[in-house]
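Structure file input.cif with mmCIF, C-alpha atoms:
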data_target
#
loop_
_atom_site.label_atom_id
_atom_site.label_comp_id
_atom_site.auth_asym_id
_atom_site.auth_seq_id
_atom_site.Cartn_x
_atom_site.Cartn_y
_atom_site.Cartn_z
CA MET A 581 -40.36 -107.20 -5.39
CA SER A 582 -38.08 -107.59 -8.43
CA LYS A 583 -37.73 -110.94 -10.15
CA PHE A 584 -34.11 -111.09 -9.03
CA ASP A 585 -35.19 -110.68 -5.38
CA GLU A 586 -37.91 -113.28 -5.93
CA ILE A 587 -35.29 -115.76 -7.21
CA MET A 588 -33.22 -115.22 -4.06
CA LYS A 589 -36.29 -115.63 -1.84
CA ARG A 590 -37.53 -118.83 -3.49
CA SER A 591 -34.12 -120.44 -3.84
CA GLY A 592 -32.72 -119.44 -0.47
CA TYR A 593 -29.41 -118.53 -2.06
CA SER A 594 -27.51 -115.27 -1.72
CA LYS A 595 -27.30 -112.44 -4.25
CA ALA A 596 -23.73 -113.51 -5.09
CA THR A 597 -24.74 -117.11 -5.85
CA VAL A 598 -27.72 -116.07 -7.99
CA SER A 599 -25.47 -113.64 -9.88
CA ARG A 600 -22.92 -116.38 -10.53
CA VAL A 601 -25.61 -118.58 -12.06
CA ILE A 602 -26.90 -115.73 -14.23
CA ASN A 603 -23.33 -115.00 -15.37
CA HIS A 604 -22.61 -118.69 -16.04
CA SER A 605 -19.79 -118.77 -13.54
CA PRO A 606 -18.31 -122.24 -12.92
CA HIS A 607 -17.96 -121.44 -9.20
CA VAL A 608 -21.41 -122.73 -8.31
CA SER A 609 -22.50 -126.20 -7.19
CA ASP A 610 -24.58 -128.24 -9.63
CA GLU A 611 -27.43 -128.34 -7.11
CA ALA A 612 -27.55 -124.56 -6.68
CA ARG A 613 -27.31 -124.00 -10.42
CA GLN A 614 -30.21 -126.38 -11.10
CA ILE A 615 -32.47 -124.87 -8.41
CA ILE A 616 -31.82 -121.28 -9.47
CA THR A 617 -32.14 -122.07 -13.19
CA ASP A 618 -35.50 -123.79 -12.62
CA ILE A 619 -36.82 -120.77 -10.71
CA MET A 620 -35.58 -118.41 -13.44
CA LYS A 621 -37.59 -120.45 -15.97
CA GLN A 622 -40.69 -120.41 -13.75
CA LEU A 623 -40.47 -116.63 -13.48
CA ASN A 624 -39.53 -116.21 -17.15
CA TYR A 625 -36.53 -114.23 -15.96
CA ILE A 626 -34.29 -112.88 -18.72
CA PRO A 627 -31.13 -111.08 -17.54
CA ASN A 628 -30.49 -107.59 -18.86
CA ARG A 629 -27.15 -108.10 -20.56
CA ASN A 630 -26.31 -104.42 -20.52
CA ALA A 631 -26.83 -104.37 -16.78
CA VAL A 632 -24.78 -107.55 -16.41
CA SER A 633 -21.92 -105.99 -18.38
CA LEU A 634 -21.99 -102.89 -16.22
CA SER A 635 -22.01 -104.88 -12.98
CA THR A 636 -19.31 -107.37 -14.00
CA GLY A 637 -17.20 -105.16 -16.24
CA GLN A 638 -17.39 -107.86 -18.92
CA THR A 639 -19.35 -108.25 -22.15
CA LYS A 640 -19.13 -112.05 -21.95
CA GLN A 641 -17.96 -112.01 -25.57
CA ILE A 642 -14.62 -113.14 -27.02
CA GLY A 643 -13.37 -112.39 -30.52
CA ILE A 644 -11.89 -115.02 -32.81
CA VAL A 645 -9.45 -113.59 -35.36
CA THR A 646 -8.65 -115.52 -38.53
CA SER A 647 -7.58 -114.65 -42.05
CA THR A 648 -9.36 -117.63 -43.59
CA THR A 649 -11.31 -120.78 -42.74
CA GLY A 650 -10.89 -124.45 -43.52
CA GLU A 651 -11.32 -127.87 -41.93
CA ILE A 652 -8.29 -127.56 -39.66
CA ILE A 653 -9.19 -124.03 -38.56
CA LEU A 654 -12.82 -125.02 -38.03
CA THR A 655 -11.72 -127.84 -35.74
CA PHE A 656 -9.95 -125.30 -33.53
CA MET A 657 -12.74 -122.75 -33.82
CA ASN A 658 -15.58 -125.16 -32.96
CA GLN A 659 -13.79 -126.47 -29.89
CA PHE A 660 -12.96 -122.97 -28.70
CA ILE A 661 -16.58 -121.85 -29.13
CA ASP A 662 -17.87 -124.88 -27.18
CA THR A 663 -15.39 -124.30 -24.35
CA ALA A 664 -16.23 -120.60 -24.19
CA MET A 665 -19.95 -121.42 -23.98
CA ASP A 666 -19.28 -123.76 -21.06
CA PHE A 667 -17.94 -120.72 -19.21
CA GLY A 668 -20.79 -118.43 -20.24
CA PHE A 669 -19.06 -116.63 -23.12
CA GLN A 670 -20.30 -116.02 -26.66
CA THR A 671 -17.94 -115.49 -29.58
CA ILE A 672 -17.61 -113.04 -32.46
CA ILE A 673 -15.69 -114.26 -35.51
CA TYR A 674 -13.54 -111.70 -37.33
CA THR A 675 -12.47 -112.92 -40.78
CA SER A 676 -9.99 -110.59 -42.46
CA ARG A 677 -9.42 -112.35 -45.81
CA GLY A 678 -5.81 -111.31 -45.37
CA ASP A 679 -6.51 -107.56 -45.15
CA PRO A 680 -4.51 -106.00 -42.26
CA GLU A 681 -6.93 -103.09 -41.86
CA ILE A 682 -9.98 -105.34 -41.62
CA GLU A 683 -8.13 -107.50 -39.13
CA LEU A 684 -7.40 -104.53 -36.87
CA GLN A 685 -11.13 -104.02 -36.32
CA ALA A 686 -11.09 -106.96 -33.91
CA PHE A 687 -8.34 -105.32 -31.88
CA GLU A 688 -10.11 -101.97 -31.94
CA ASP A 689 -13.20 -103.75 -30.58
CA LEU A 690 -11.06 -105.05 -27.73
CA ARG A 691 -9.92 -101.50 -27.01
CA SER A 692 -13.51 -100.21 -27.03
CA LYS A 693 -14.61 -103.08 -24.74
CA ARG A 694 -16.94 -104.69 -27.25
CA VAL A 695 -15.16 -107.97 -26.50
CA ASP A 696 -13.37 -109.08 -23.34
CA GLY A 697 -10.50 -110.88 -25.07
CA LEU A 698 -9.24 -112.23 -28.37
CA VAL A 699 -7.94 -115.52 -29.67
CA ILE A 700 -5.87 -115.36 -32.86
CA ILE A 701 -6.09 -118.32 -35.19
CA ALA A 702 -4.26 -116.72 -38.10
CA CYS A 703 -3.31 -113.06 -38.46
CA VAL A 704 -1.49 -110.93 -41.02
CA ASN A 705 -0.46 -107.90 -38.95
CA ASP A 706 2.96 -107.69 -37.30
CA PRO A 707 2.72 -109.30 -33.83
CA ARG A 708 4.65 -106.36 -32.38
CA LYS A 709 1.85 -104.07 -33.51
CA LEU A 710 -0.85 -106.31 -32.11
CA LYS A 711 0.89 -106.74 -28.77
CA ALA A 712 0.13 -103.11 -27.94
CA TYR A 713 -3.56 -104.04 -27.62
CA MET A 714 -2.89 -106.41 -24.73
CA GLU A 715 -3.29 -103.50 -22.30
CA TYR A 716 -7.02 -103.53 -23.13
CA GLY A 717 -7.62 -107.24 -22.51
CA PRO A 718 -6.09 -110.70 -22.79
CA ILE A 719 -4.98 -112.01 -26.17
CA VAL A 720 -3.80 -115.53 -26.92
CA SER A 721 -2.74 -117.02 -30.25
CA TRP A 722 -2.79 -120.41 -31.93
CA GLN A 723 -0.50 -119.07 -34.63
CA ARG A 724 3.14 -119.11 -33.57
CA MET A 725 4.08 -115.50 -32.95
CA GLY A 726 7.81 -115.65 -32.17
CA ASN A 727 9.77 -113.73 -29.54
CA ASP A 728 6.91 -114.19 -27.05
CA GLU A 729 5.18 -111.11 -28.44
CA ILE A 730 1.74 -112.59 -27.72
CA PRO A 731 1.16 -115.77 -25.65
CA SER A 732 0.64 -118.79 -27.90
CA VAL A 733 -0.69 -122.31 -27.37
CA ALA A 734 0.96 -123.49 -30.59
CA MET A 735 3.00 -126.68 -30.39
CA ASP A 736 6.42 -127.00 -32.01
CA GLN A 737 5.69 -128.93 -35.18
CA ALA A 738 9.33 -130.00 -35.35
CA GLU A 739 8.46 -132.65 -32.75
CA GLY A 740 5.80 -134.13 -35.01
CA TYR A 741 8.15 -133.96 -37.98
CA LYS A 742 10.77 -135.96 -36.09
CA LEU A 743 8.20 -138.68 -35.42
CA ALA A 744 7.50 -138.91 -39.15
CA LEU A 745 11.21 -139.01 -40.05
CA GLU A 746 11.94 -141.71 -37.49
CA HIS A 747 9.07 -143.76 -38.87
CA LEU A 748 10.28 -143.47 -42.46
CA VAL A 749 13.90 -144.27 -41.66
CA SER A 750 12.80 -147.28 -39.60
CA ARG A 751 11.06 -148.55 -42.75
CA GLY A 752 14.25 -148.21 -44.76
CA TYR A 753 13.56 -144.95 -46.58
CA THR A 754 16.59 -142.69 -46.89
CA ARG A 755 15.89 -140.41 -49.87
CA ILE A 756 13.19 -138.26 -48.32
CA ALA A 757 11.53 -135.20 -49.86
CA ASN A 758 10.31 -132.31 -47.71
CA ALA A 759 7.04 -130.78 -48.91
CA PHE A 760 6.84 -127.77 -46.59
CA GLY A 761 4.27 -124.98 -46.30
CA ARG A 762 4.56 -121.20 -46.50
CA ALA A 763 8.25 -120.27 -46.44
CA GLU A 764 7.70 -117.34 -44.05
CA SER A 765 5.83 -119.48 -41.49
CA LEU A 766 7.58 -120.19 -38.18
CA ASN A 767 6.23 -123.74 -38.41
CA THR A 768 7.87 -124.17 -41.82
CA GLN A 769 11.17 -122.89 -40.50
CA SER A 770 10.93 -125.27 -37.54
CA ARG A 771 10.13 -128.21 -39.82
CA ARG A 772 13.01 -127.47 -42.18
CA GLU A 773 15.45 -127.19 -39.30
CA ALA A 774 14.16 -130.48 -37.85
CA TYR A 775 14.47 -132.17 -41.24
CA GLU A 776 18.04 -131.03 -41.83
CA SER A 777 19.14 -131.79 -38.26
CA PHE A 778 17.61 -135.28 -38.32
CA MET A 779 19.03 -136.25 -41.71
CA LYS A 780 22.51 -135.09 -40.73
CA SER A 781 22.32 -136.95 -37.42
CA ARG A 782 21.61 -140.18 -39.33
CA GLY A 783 24.30 -139.59 -41.91
CA LEU A 784 21.72 -139.11 -44.66
CA HIS A 785 21.92 -136.64 -47.49
CA VAL A 786 20.02 -133.40 -46.96
CA TRP A 787 18.16 -132.59 -50.14
CA THR A 788 18.18 -128.81 -49.92
CA GLU A 789 16.86 -128.17 -53.42
CA ALA A 790 15.84 -131.24 -55.36
CA TYR A 791 13.52 -132.61 -52.69
CA GLN A 792 12.03 -129.53 -51.06
CA TYR A 793 8.73 -128.16 -52.32
CA SER A 794 6.48 -125.35 -51.12
CA VAL A 795 3.22 -127.26 -50.69
CA PHE A 796 0.15 -126.16 -48.73
CA SER A 797 -3.00 -127.35 -50.56
CA SER A 798 -4.02 -130.47 -52.47
CA SER A 799 -3.46 -128.69 -55.80
CA ASP A 800 0.03 -127.71 -54.59
CA GLY A 801 0.58 -131.36 -53.76
CA GLU A 802 -0.41 -132.43 -57.25
CA GLU A 803 2.04 -129.95 -58.77
CA ALA A 804 4.84 -131.10 -56.45
CA MET A 805 4.19 -134.71 -57.44
CA ARG A 806 4.41 -133.80 -61.11
CA ARG A 807 7.78 -132.12 -60.54
CA MET A 808 9.04 -135.08 -58.51
CA ALA A 809 7.95 -137.55 -61.18
CA GLU A 810 9.53 -135.52 -63.97
CA GLY A 811 12.75 -134.84 -62.08
CA PRO A 812 16.03 -136.74 -62.44
CA GLU A 813 15.23 -139.13 -59.59
CA LEU A 814 12.04 -140.00 -57.74
CA PRO A 815 12.37 -139.74 -53.94
CA GLN A 816 11.54 -142.80 -51.87
CA ALA A 817 9.32 -140.88 -49.47
CA VAL A 818 7.81 -137.45 -48.95
CA LEU A 819 6.85 -135.57 -45.79
CA CYS A 820 4.00 -133.09 -46.17
CA SER A 821 3.10 -129.85 -44.40
CA ASN A 822 -0.49 -131.02 -43.94
CA ASP A 823 -2.87 -133.77 -45.00
CA TYR A 824 -4.24 -131.76 -47.94
CA ALA A 825 -0.77 -131.66 -49.49
CA ALA A 826 -0.46 -135.42 -48.91
CA ILE A 827 -3.85 -135.99 -50.58
CA GLY A 828 -2.73 -134.06 -53.66
CA ILE A 829 0.53 -136.01 -53.88
CA LEU A 830 -1.29 -139.32 -53.46
CA SER A 831 -3.87 -138.41 -56.12
CA GLU A 832 -1.26 -137.43 -58.72
CA ALA A 833 0.91 -140.46 -57.90
CA ARG A 834 -2.04 -142.75 -58.63
CA ARG A 835 -2.73 -140.96 -61.92
CA ARG A 836 0.88 -141.63 -62.91
CA ASN A 837 0.71 -145.26 -61.76
CA ILE A 838 3.37 -144.66 -59.11
CA GLN A 839 2.89 -147.35 -56.50
CA VAL A 840 2.35 -146.13 -52.94
CA PRO A 841 4.14 -147.05 -50.71
CA GLU A 842 6.29 -149.39 -52.82
CA GLN A 843 7.72 -146.62 -55.02
CA LEU A 844 6.81 -143.60 -52.91
CA ALA A 845 5.84 -143.41 -49.23
CA ILE A 846 3.71 -140.45 -48.10
CA VAL A 847 3.27 -138.92 -44.65
CA GLY A 848 0.78 -136.12 -43.93
CA PHE A 849 0.26 -133.89 -40.93
CA ASP A 850 -2.79 -133.00 -38.75
CA ASP A 851 -4.83 -136.25 -39.07
CA ILE A 852 -7.98 -134.87 -40.70
CA GLU A 853 -10.88 -137.24 -41.36
CA LEU A 854 -10.08 -137.59 -45.06
CA SER A 855 -6.59 -138.86 -44.29
CA ARG A 856 -8.21 -141.78 -42.45
CA VAL A 857 -10.57 -142.48 -45.36
CA LEU A 858 -7.68 -142.48 -47.87
CA GLY A 859 -5.34 -144.47 -45.64
CA ILE A 860 -2.68 -141.77 -45.36
CA THR A 861 -0.06 -142.14 -42.66
CA THR A 862 -0.02 -138.87 -40.75
CA ILE A 863 0.90 -137.08 -37.55
CA HIS A 864 -2.04 -136.53 -35.22
CA ASN A 865 -2.13 -132.88 -34.18
CA PRO A 866 -4.22 -132.31 -30.99
CA ILE A 867 -5.95 -129.24 -32.39
CA ALA A 868 -9.09 -129.37 -30.23
CA GLU A 869 -7.01 -129.66 -27.08
CA GLN A 870 -4.97 -126.60 -28.10
CA ALA A 871 -8.24 -124.66 -28.53
CA THR A 872 -9.30 -125.61 -25.01
CA GLN A 873 -5.95 -124.46 -23.66
CA ALA A 874 -6.34 -121.17 -25.53
CA PHE A 875 -9.58 -120.44 -23.70
CA HIS A 876 -8.06 -121.50 -20.40
CA GLN A 877 -5.32 -118.92 -20.89
CA LEU A 878 -7.95 -116.23 -21.43
CA TRP A 879 -9.90 -117.46 -18.43
CA ALA A 880 -6.85 -117.09 -16.22
CA VAL A 881 -7.27 -113.33 -16.78
CA LEU A 882 -11.03 -112.99 -17.24
CA GLY A 883 -12.01 -115.42 -14.51
CA LYS A 884 -8.94 -114.80 -12.38
CA MET A 885 -8.47 -118.55 -12.07
CA GLU A 886 -5.70 -120.82 -13.33
CA LEU A 887 -6.96 -124.11 -14.77
CA GLN A 888 -4.82 -127.21 -14.91
CA THR A 889 -3.62 -128.07 -18.40
CA GLU A 890 -2.13 -131.29 -19.70
CA GLN A 891 1.06 -131.65 -21.70
CA LEU A 892 0.08 -132.19 -25.33
CA THR A 893 2.05 -134.41 -27.70
CA TYR A 894 1.98 -135.42 -31.34
CA GLN A 895 1.22 -139.01 -32.32
CA LEU A 896 2.18 -141.02 -35.40
CA ILE A 897 -0.86 -142.58 -37.08
CA GLU A 898 0.43 -145.37 -39.32
CA ARG A 899 -1.70 -146.26 -42.33
CA GLU A 900 -1.31 -147.65 -45.85
CA THR A 901 0.84 -144.94 -47.46
CA THR A 902 3.96 -146.10 -45.60
CA GLY A 903 5.22 -149.62 -45.36
CA ILE A 904 8.39 -151.73 -45.26
CA HIS A 905 10.63 -150.35 -47.97
CA LYS A 906 12.34 -152.95 -50.12
CA THR A 907 15.80 -151.93 -51.32
#

Take the structure in this file and express it as structure tokens.
Amino acid sequence: MSKFDEIMKRSGYSKATVSRVINHSPHVSDEARQIITDIMKQLNYIPNRNAVSLSTGQTKQIGIVTSTTGEIILTFMNQFIDTAMDFGFQTIIYTSRGDPEIELQAFEDLRSKRVDGLVIIACVNDPRKLKAYMEYGPIVSWQRMGNDEIPSVAMDQAEGYKLALEHLVSRGYTRIANAFGRAESLNTQSRREAYESFMKSRGLHVWTEAYQYSVFSSSDGEEAMRRMAEGPELPQAVLCSNDYAAIGILSEARRRNIQVPEQLAIVGFDDIELSRVLGITTIHNPIAEQATQAFHQLWAVLGKMELQTEQLTYQLIERETTGIHKT
């Protein structure tokens, strides 16, 4: 008698139920899972993964595609990996370092069935080119892709930007700088449109040149602060593309003895741990929740089961870098 048959005999469960436990399917009761798992341990049963792949048509592996890593990306990645493990999937991380050819290896692995699906965190290839690989397996993106080329769980950052603008204007700030990210990014375009629309709706001047800076990292933030300080007029407040940019601006402002928030208010974006430590007002971005939703979208195809998802929203986190502005 094979060990698999022995597990069925001792547990009293069917072949289908035992297979679900071996394949980490969620469609098993906790009691059945515990009984079958205990028997597997007693028998020292180790599933043959090649056989499992042949029987299920799945490798139980998902690829994660990113061009780089960092705290924000790692937050998404770690949550996605944990969620995938809960459903019995392992992950392979493909880091391209911005090379389109290296990046395509992940998509070729999807075509050759080395992975069952892909989640894109950040890619450099044209989405229209990548969409062609969806016939080989599900693909979902955290990066905004545009034109619905590939399904995305990305939130419209314009909504978070509006929260920040409303907060600053409510504090009396009217001369507001826009420290945006990469100019070609869909998020940057959305932020700039939100900024201009909001300022016009409040009858405030839109600073299209003097108070817009391409800022992505803390060093970029320092350089933007130097240009602001040496310009003809210091803005009253600055919105940042992420918390790293806000950290750089805050650091350089302190070096120049510019009082925050009395002379310059600062608002970041994402709500990383360091923004809390430094007291930076920011917009909380539910990154982990978006990672969970990304896996759920893949599971809708791989597990043939739709999972309920909640509506995610941005949240203003008010800290020391904004306050009541005194005119």

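You will find CA of Gly643 (chain A) at 14.8 Å from CA of Phe667 (chain A).
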
Can you list, as a short mmCIF file (atom, residue, chain, number, x, y, z; two decimals) with C-alpha atoms, keeping the file's coordinate frame, every protein, DNA or RNA residue that comes within 9 Å of region 851-861 of chain A when you count all atoms listed in the file, leaving out same-chain residues fewer than 6 positions away?
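Once everything was written out, this is around33.cif:
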data_model
loop_
_atom_site.label_atom_id
_atom_site.label_comp_id
_atom_site.auth_asym_id
_atom_site.auth_seq_id
_atom_site.Cartn_x
_atom_site.Cartn_y
_atom_site.Cartn_z
CA GLU A 651 -11.32 -127.87 -41.93
CA ILE A 652 -8.29 -127.56 -39.66
CA ALA A 744 7.50 -138.91 -39.15
CA ASN A 822 -0.49 -131.02 -43.94
CA ASP A 823 -2.87 -133.77 -45.00
CA TYR A 824 -4.24 -131.76 -47.94
CA ALA A 826 -0.46 -135.42 -48.91
CA ILE A 827 -3.85 -135.99 -50.58
CA LEU A 830 -1.29 -139.32 -53.46
CA ALA A 845 5.84 -143.41 -49.23
CA LEU A 896 2.18 -141.02 -35.40
CA ILE A 897 -0.86 -142.58 -37.08
CA GLU A 898 0.43 -145.37 -39.32
CA ARG A 899 -1.70 -146.26 -42.33
CA GLU A 900 -1.31 -147.65 -45.85
CA THR A 901 0.84 -144.94 -47.46
CA THR A 902 3.96 -146.10 -45.60
#

Exercise. Choose the residue, out of A:Thr649, A:Gln641, A:Thr655, A:Gln870, that has the smallest atom-to-atom separation from Thr671 (chain A); count all atoms listed in the file.
Key: A:Gln641

Quiz prompt | Expected selection from the PyMOL selection byres ((chain A and resi 710) around 12), given as an MDAnalysis selection string | solution = chainID A and resid 645 680:681 683:688 690:691 698:700 703:709 711:721 725 729:731

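For Tyr775 (chain A), the set of protein, DNA and RNA residues having any atom at most 8 Å away, when counting only C-alpha atoms and skipping those fewer than 2 positions along the same chain, is Tyr741, Lys742, Leu745, Asn758, Arg771, Arg772, Glu773, Ser777, Phe778 and Met779 of chain A.
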
Quiz item: To one decimal place, how far is CA of Ser770 (chain A) from CA of Leu878 (chain A) in Å?
Solution: 26.4 Å

Practice problem: Apply the PyMOL selection byres ((chain A and resi 761) around 12) to the displayed file and report the matching residues as a ChimeraX atom specification. | Solution: /A:737,758-760,762-772,792-798,800-801,804,819-826,848-849

Exercise. Would you kindly return, as an MDAnalysis selection string, each protein, DNA or RNA residue with an atom no farther than 10 Å from any atom of Val749 (chain A), considering all atoms listed in the file and excluding same-chain residues fewer than 2 positions away?
Key: chainID A and resid 744:747 751:756 779 782 784 817 904:905

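Closest to Thr893 (chain A) among A:Ala809, A:His785, A:Met735, A:Val840 is A:Met735, based on only C-alpha atoms.
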
Any chance you could work out the residue set of the PyMOL selection byres ((chain A and resi 888) around 12) here, as a PDB file with C-alpha atoms, in the frame of the given file?
ATOM      1  CA  THR A 872      -9.300-125.610 -25.010  1.00  0.00           C
ATOM      2  CA  GLN A 873      -5.950-124.460 -23.660  1.00  0.00           C
ATOM      3  CA  HIS A 876      -8.060-121.500 -20.400  1.00  0.00           C
ATOM      4  CA  GLN A 877      -5.320-118.920 -20.890  1.00  0.00           C
ATOM      5  CA  TRP A 879      -9.900-117.460 -18.430  1.00  0.00           C
ATOM      6  CA  ALA A 880      -6.850-117.090 -16.220  1.00  0.00           C
ATOM      7  CA  MET A 885      -8.470-118.550 -12.070  1.00  0.00           C
ATOM      8  CA  GLU A 886      -5.700-120.820 -13.330  1.00  0.00           C
ATOM      9  CA  LEU A 887      -6.960-124.110 -14.770  1.00  0.00           C
ATOM     10  CA  THR A 889      -3.620-128.070 -18.400  1.00  0.00           C
ATOM     11  CA  GLU A 890      -2.130-131.290 -19.700  1.00  0.00           C
ATOM     12  CA  GLN A 891       1.060-131.650 -21.700  1.00  0.00           C
TER      13      GLN A 891
END

Where is the centre and how long are the edges: axis-aligned box on region 750-754 of chain A, 3 Å on each side, Å to one decimal, as JSON:
{"center_x": 13.8, "center_y": -145.6, "center_z": -43.2, "size_x": 11.5, "size_y": 11.9, "size_z": 13.3}

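Among A:Glu869, A:Ile653, A:Leu892, A:Lys884, the residue with the shortest atom-to-atom distance to His607 (chain A), counting all atoms listed in the file, is A:Lys884.
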
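For the pair CA of Glu802 (chain A) and CA of Ala833 (chain A), the interatomic distance is 8.2 Å.
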
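The shortest atom-to-atom distance to Val733 (chain A), with all atoms listed in the file taken into account, belongs to A:Ala874 out of A:Ala874, A:Met665, A:Ile846, A:Ile838.
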